[in-house]
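Visitor: Let me begin by handing over the structure; questions about it come next.
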Amino acid sequence: MSEHDEQCALFQWAAIAASDYPALRMMFAIPNGTRTTPRVAAKMKAEGVLKGASDIFLPVASGDRHGMFIEMKTATGRMSPEQKAFQAAMREAGYHAITCRGWEEAAAEIVRYLEDEG
């Protein structure tokens, strides 16, 4: 599956799992990697889109962490230097920031985070 398909599957899972984990209703996507025209890209940059920001944010504290950032990748996908720097900065700021390969891995990590198991 493509990264897009994996992310869609994760949000489909979240809609179902929200009955057990209501915090999932607050999870949202960050449309940074969207392919667009140069004009729209310039407009998005002017509005504050940040290169390297993770694909998904769960704005819910758990344990000593302020929220969870998820970068979705396919089995062969690679993180850019900006994505690596963003995750490192978020971890330093007290967030849980991870890369997941596939929606099932992301779902398991979210549950672990919400249940504060590490």
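In the structure tokens, chains take letters A, B, ... by order of appearance, with residues numbered from 1 within each chain and ligands from 1 in the order shown.
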Gly77 of chain A: which residues within 10 Å, counting only C-alpha atoms, same-chain residues fewer than 6 positions away excluded, as a list in words?
Guide: Ser2, Glu3 and Arg101 of chain A
Visitor: Enumerate, as a ChimeraX atom specification, the complete set of residues in chain A that a backbone-based DSSP assignment places in strand (DSSP E or B).
Guide: /A:28-29,56-58,62,65,68-73,96-101
Visitor: Between atom CA of Glu47 of chain A and atom CA of Gly67 of chain A, measure the distance and give it in Å to one decimal.
Guide: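 Separation of atom CA of Glu47 of chain A and atom CA of Gly67 of chain A: 22.8 Å.
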Visitor: With DSSP run on the backbone, what are the helix (DSSP H, G or I) residues within segment 2-79 of chain A? I'd like them as a PyMOL selection string.
Guide: chain A and resi 3-17+22-26+38-46
Visitor: Can those selected residues be exported to a file as a JSON list (two decimals), in the first residue's frame so that it contains N, CA, C and O atoms?
Guide:
[["chain", "number", "residue", "atom", "x", "y", "z"],
["A", 3, "GLU", "N", 1.81, 5.23, 1.06],
["A", 3, "GLU", "CA", 1.75, 5.96, 2.32],
["A", 3, "GLU", "C", 0.35, 6.55, 2.51],
["A", 3, "GLU", "O", -0.20, 6.53, 3.61],
["A", 4, "HIS", "N", -0.21, 7.07, 1.43],
["A", 4, "HIS", "CA", -1.57, 7.61, 1.48],
["A", 4, "HIS", "C", -2.57, 6.55, 1.95],
["A", 4, "HIS", "O", -3.39, 6.79, 2.84],
["A", 5, "ASP", "N", -2.50, 5.37, 1.35],
["A", 5, "ASP", "CA", -3.42, 4.29, 1.71],
["A", 5, "ASP", "C", -3.24, 3.86, 3.17],
["A", 5, "ASP", "O", -4.22, 3.60, 3.88],
["A", 6, "GLU", "N", -1.98, 3.78, 3.61],
["A", 6, "GLU", "CA", -1.71, 3.40, 5.00],
["A", 6, "GLU", "C", -2.30, 4.44, 5.96],
["A", 6, "GLU", "O", -2.90, 4.09, 6.98],
["A", 7, "GLN", "N", -2.12, 5.71, 5.63],
["A", 7, "GLN", "CA", -2.64, 6.76, 6.50],
["A", 7, "GLN", "C", -4.17, 6.75, 6.51],
["A", 7, "GLN", "O", -4.79, 6.91, 7.57],
["A", 8, "CYS", "N", -4.79, 6.54, 5.37],
["A", 8, "CYS", "CA", -6.26, 6.43, 5.32],
["A", 8, "CYS", "C", -6.74, 5.26, 6.17],
["A", 8, "CYS", "O", -7.71, 5.39, 6.92],
["A", 9, "ALA", "N", -6.05, 4.13, 6.08],
["A", 9, "ALA", "CA", -6.41, 2.95, 6.88],
["A", 9, "ALA", "C", -6.27, 3.25, 8.37],
["A", 9, "ALA", "O", -7.10, 2.81, 9.18],
["A", 10, "LEU", "N", -5.23, 3.99, 8.75],
["A", 10, "LEU", "CA", -5.06, 4.35, 10.16],
["A", 10, "LEU", "C", -6.24, 5.18, 10.65],
["A", 10, "LEU", "O", -6.77, 4.93, 11.74],
["A", 11, "PHE", "N", -6.67, 6.14, 9.87],
["A", 11, "PHE", "CA", -7.79, 6.99, 10.31],
["A", 11, "PHE", "C", -9.11, 6.21, 10.30],
["A", 11, "PHE", "O", -10.00, 6.48, 11.11],
["A", 12, "GLN", "N", -9.23, 5.21, 9.42],
["A", 12, "GLN", "CA", -10.41, 4.34, 9.47],
["A", 12, "GLN", "C", -10.40, 3.52, 10.76],
["A", 12, "GLN", "O", -11.43, 3.38, 11.43],
["A", 13, "TRP", "N", -9.24, 2.98, 11.12],
["A", 13, "TRP", "CA", -9.09, 2.25, 12.38],
["A", 13, "TRP", "C", -9.42, 3.17, 13.56],
["A", 13, "TRP", "O", -10.15, 2.78, 14.47],
["A", 14, "ALA", "N", -8.90, 4.39, 13.53],
["A", 14, "ALA", "CA", -9.11, 5.34, 14.63],
["A", 14, "ALA", "C", -10.59, 5.64, 14.82],
["A", 14, "ALA", "O", -11.05, 5.77, 15.96],
["A", 15, "ALA", "N", -11.33, 5.75, 13.75],
["A", 15, "ALA", "CA", -12.76, 6.02, 13.86],
["A", 15, "ALA", "C", -13.48, 4.89, 14.60],
["A", 15, "ALA", "O", -14.39, 5.14, 15.40],
["A", 16, "ILE", "N", -13.04, 3.67, 14.37],
["A", 16, "ILE", "CA", -13.63, 2.52, 15.05],
["A", 16, "ILE", "C", -13.12, 2.42, 16.48],
["A", 16, "ILE", "O", -13.89, 2.22, 17.42],
["A", 17, "ALA", "N", -11.82, 2.59, 16.66],
["A", 17, "ALA", "CA", -11.19, 2.44, 17.98],
["A", 17, "ALA", "C", -11.52, 3.58, 18.93],
["A", 17, "ALA", "O", -11.30, 3.47, 20.14],
["A", 22, "PRO", "N", -11.37, 7.42, 23.28],
["A", 22, "PRO", "CA", -12.01, 8.66, 22.80],
["A", 22, "PRO", "C", -11.02, 9.74, 22.34],
["A", 22, "PRO", "O", -11.36, 10.56, 21.49],
["A", 23, "ALA", "N", -9.81, 9.73, 22.87],
["A", 23, "ALA", "CA", -8.81, 10.73, 22.47],
["A", 23, "ALA", "C", -8.52, 10.66, 20.97],
["A", 23, "ALA", "O", -8.08, 11.65, 20.38],
["A", 24, "LEU", "N", -8.77, 9.53, 20.34],
["A", 24, "LEU", "CA", -8.51, 9.38, 18.91],
["A", 24, "LEU", "C", -9.35, 10.34, 18.08],
["A", 24, "LEU", "O", -9.00, 10.66, 16.94],
["A", 25, "ARG", "N", -10.45, 10.82, 18.64],
["A", 25, "ARG", "CA", -11.29, 11.77, 17.90],
["A", 25, "ARG", "C", -10.58, 13.09, 17.66],
["A", 25, "ARG", "O", -10.99, 13.89, 16.82],
["A", 26, "MET", "N", -9.51, 13.35, 18.41],
["A", 26, "MET", "CA", -8.75, 14.60, 18.26],
["A", 26, "MET", "C", -7.54, 14.46, 17.33],
["A", 26, "MET", "O", -6.90, 15.44, 16.99],
["A", 38, "PRO", "N", 2.91, 25.41, -7.78],
["A", 38, "PRO", "CA", 3.83, 26.35, -7.12],
["A", 38, "PRO", "C", 3.09, 27.50, -6.42],
["A", 38, "PRO", "O", 3.48, 27.92, -5.34],
["A", 39, "ARG", "N", 2.02, 27.96, -7.00],
["A", 39, "ARG", "CA", 1.25, 29.07, -6.40],
["A", 39, "ARG", "C", 0.63, 28.64, -5.07],
["A", 39, "ARG", "O", 0.71, 29.36, -4.08],
["A", 40, "VAL", "N", 0.01, 27.47, -5.05],
["A", 40, "VAL", "CA", -0.60, 26.97, -3.82],
["A", 40, "VAL", "C", 0.48, 26.66, -2.79],
["A", 40, "VAL", "O", 0.32, 26.95, -1.60],
["A", 41, "ALA", "N", 1.61, 26.10, -3.22],
["A", 41, "ALA", "CA", 2.72, 25.80, -2.32],
["A", 41, "ALA", "C", 3.22, 27.08, -1.66],
["A", 41, "ALA", "O", 3.49, 27.11, -0.45],
["A", 42, "ALA", "N", 3.35, 28.15, -2.43],
["A", 42, "ALA", "CA", 3.79, 29.44, -1.88],
["A", 42, "ALA", "C", 2.79, 29.97, -0.86],
["A", 42, "ALA", "O", 3.17, 30.49, 0.19],
["A", 43, "LYS", "N", 1.52, 29.80, -1.17],
["A", 43, "LYS", "CA", 0.46, 30.25, -0.24],
["A", 43, "LYS", "C", 0.52, 29.44, 1.05],
["A", 43, "LYS", "O", 0.43, 30.00, 2.15],
["A", 44, "MET", "N", 0.69, 28.12, 0.95],
["A", 44, "MET", "CA", 0.77, 27.27, 2.13],
["A", 44, "MET", "C", 2.00, 27.63, 2.98],
["A", 44, "MET", "O", 1.93, 27.69, 4.20],
["A", 45, "LYS", "N", 3.12, 27.90, 2.32],
["A", 45, "LYS", "CA", 4.33, 28.29, 3.04],
["A", 45, "LYS", "C", 4.10, 29.60, 3.78],
["A", 45, "LYS", "O", 4.50, 29.75, 4.94],
["A", 46, "ALA", "N", 3.45, 30.54, 3.12],
["A", 46, "ALA", "CA", 3.15, 31.83, 3.76],
["A", 46, "ALA", "C", 2.21, 31.66, 4.96],
["A", 46, "ALA", "O", 2.28, 32.42, 5.92]]
Visitor: Considering only C-alpha atoms, can you say which of A:Leu50, A:Met1, A:Ala108, A:Ile98 comes closest to Ile70 of chain A?
Guide: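 Answer, going by the shortest atom-to-atom distance: A:Ile98.
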Visitor: How many Å lie between atom CA of Ser62 of chain A and atom CA of Thr74 of chain A, rounded to one decimal?
Guide: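 It comes out at 26.5 Å.
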Visitor: Residues at most 10 Å from Glu109 of chain A, counting only C-alpha atoms, excluding those fewer than 2 positions away in the same chain, as a ChimeraX atom specification?
Guide: /A:68,70,98-100,103-107,111-115,117-118
Visitor: Keeping only C-alpha atoms, write the selected residues as an mmCIF file, in the first residue's frame.
Guide:
data_model
loop_
_atom_site.group_PDB
_atom_site.id
_atom_site.type_symbol
_atom_site.label_atom_id
_atom_site.label_comp_id
_atom_site.auth_asym_id
_atom_site.auth_seq_id
_atom_site.Cartn_x
_atom_site.Cartn_y
_atom_site.Cartn_z
ATOM 1 C CA MET A 68 2.272 12.296 19.800
ATOM 2 C CA ILE A 70 3.653 10.160 13.746
ATOM 3 C CA ILE A 98 7.970 8.297 15.952
ATOM 4 C CA THR A 99 8.088 6.863 12.452
ATOM 5 C CA CYS A 100 5.713 4.019 11.610
ATOM 6 C CA TRP A 103 -1.114 1.611 9.731
ATOM 7 C CA GLU A 104 -0.986 -1.475 11.956
ATOM 8 C CA GLU A 105 2.334 -0.419 13.468
ATOM 9 C CA ALA A 106 0.984 3.103 13.955
ATOM 10 C CA ALA A 107 -2.200 1.799 15.600
ATOM 11 C CA VAL A 111 -2.540 2.316 21.835
ATOM 12 C CA ARG A 112 0.755 1.858 23.686
ATOM 13 C CA TYR A 113 1.082 5.644 23.980
ATOM 14 C CA LEU A 114 -2.481 6.151 25.211
ATOM 15 C CA GLU A 115 -2.092 3.371 27.730
ATOM 16 C CA GLU A 117 3.180 1.566 28.267
ATOM 17 C CA GLY A 118 6.257 3.201 26.783
#
Visitor: Pick from A:Met27, A:Ala97, A:Ala89, A:Met79: nearest to Pro59 of chain A, with only C-alpha atoms counted?
Guide: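 Comparing A:Met27, A:Ala97, A:Ala89, A:Met79 against Pro59 of chain A, the winner is A:Met27.
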Visitor: Have a look at A:Ile56, A:Ala18, A:Ala61, A:Ile30 and name the one nearest to Gly94 of chain A; count only C-alpha atoms.
Guide: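 Nearest to Gly94 of chain A: A:Ala61.
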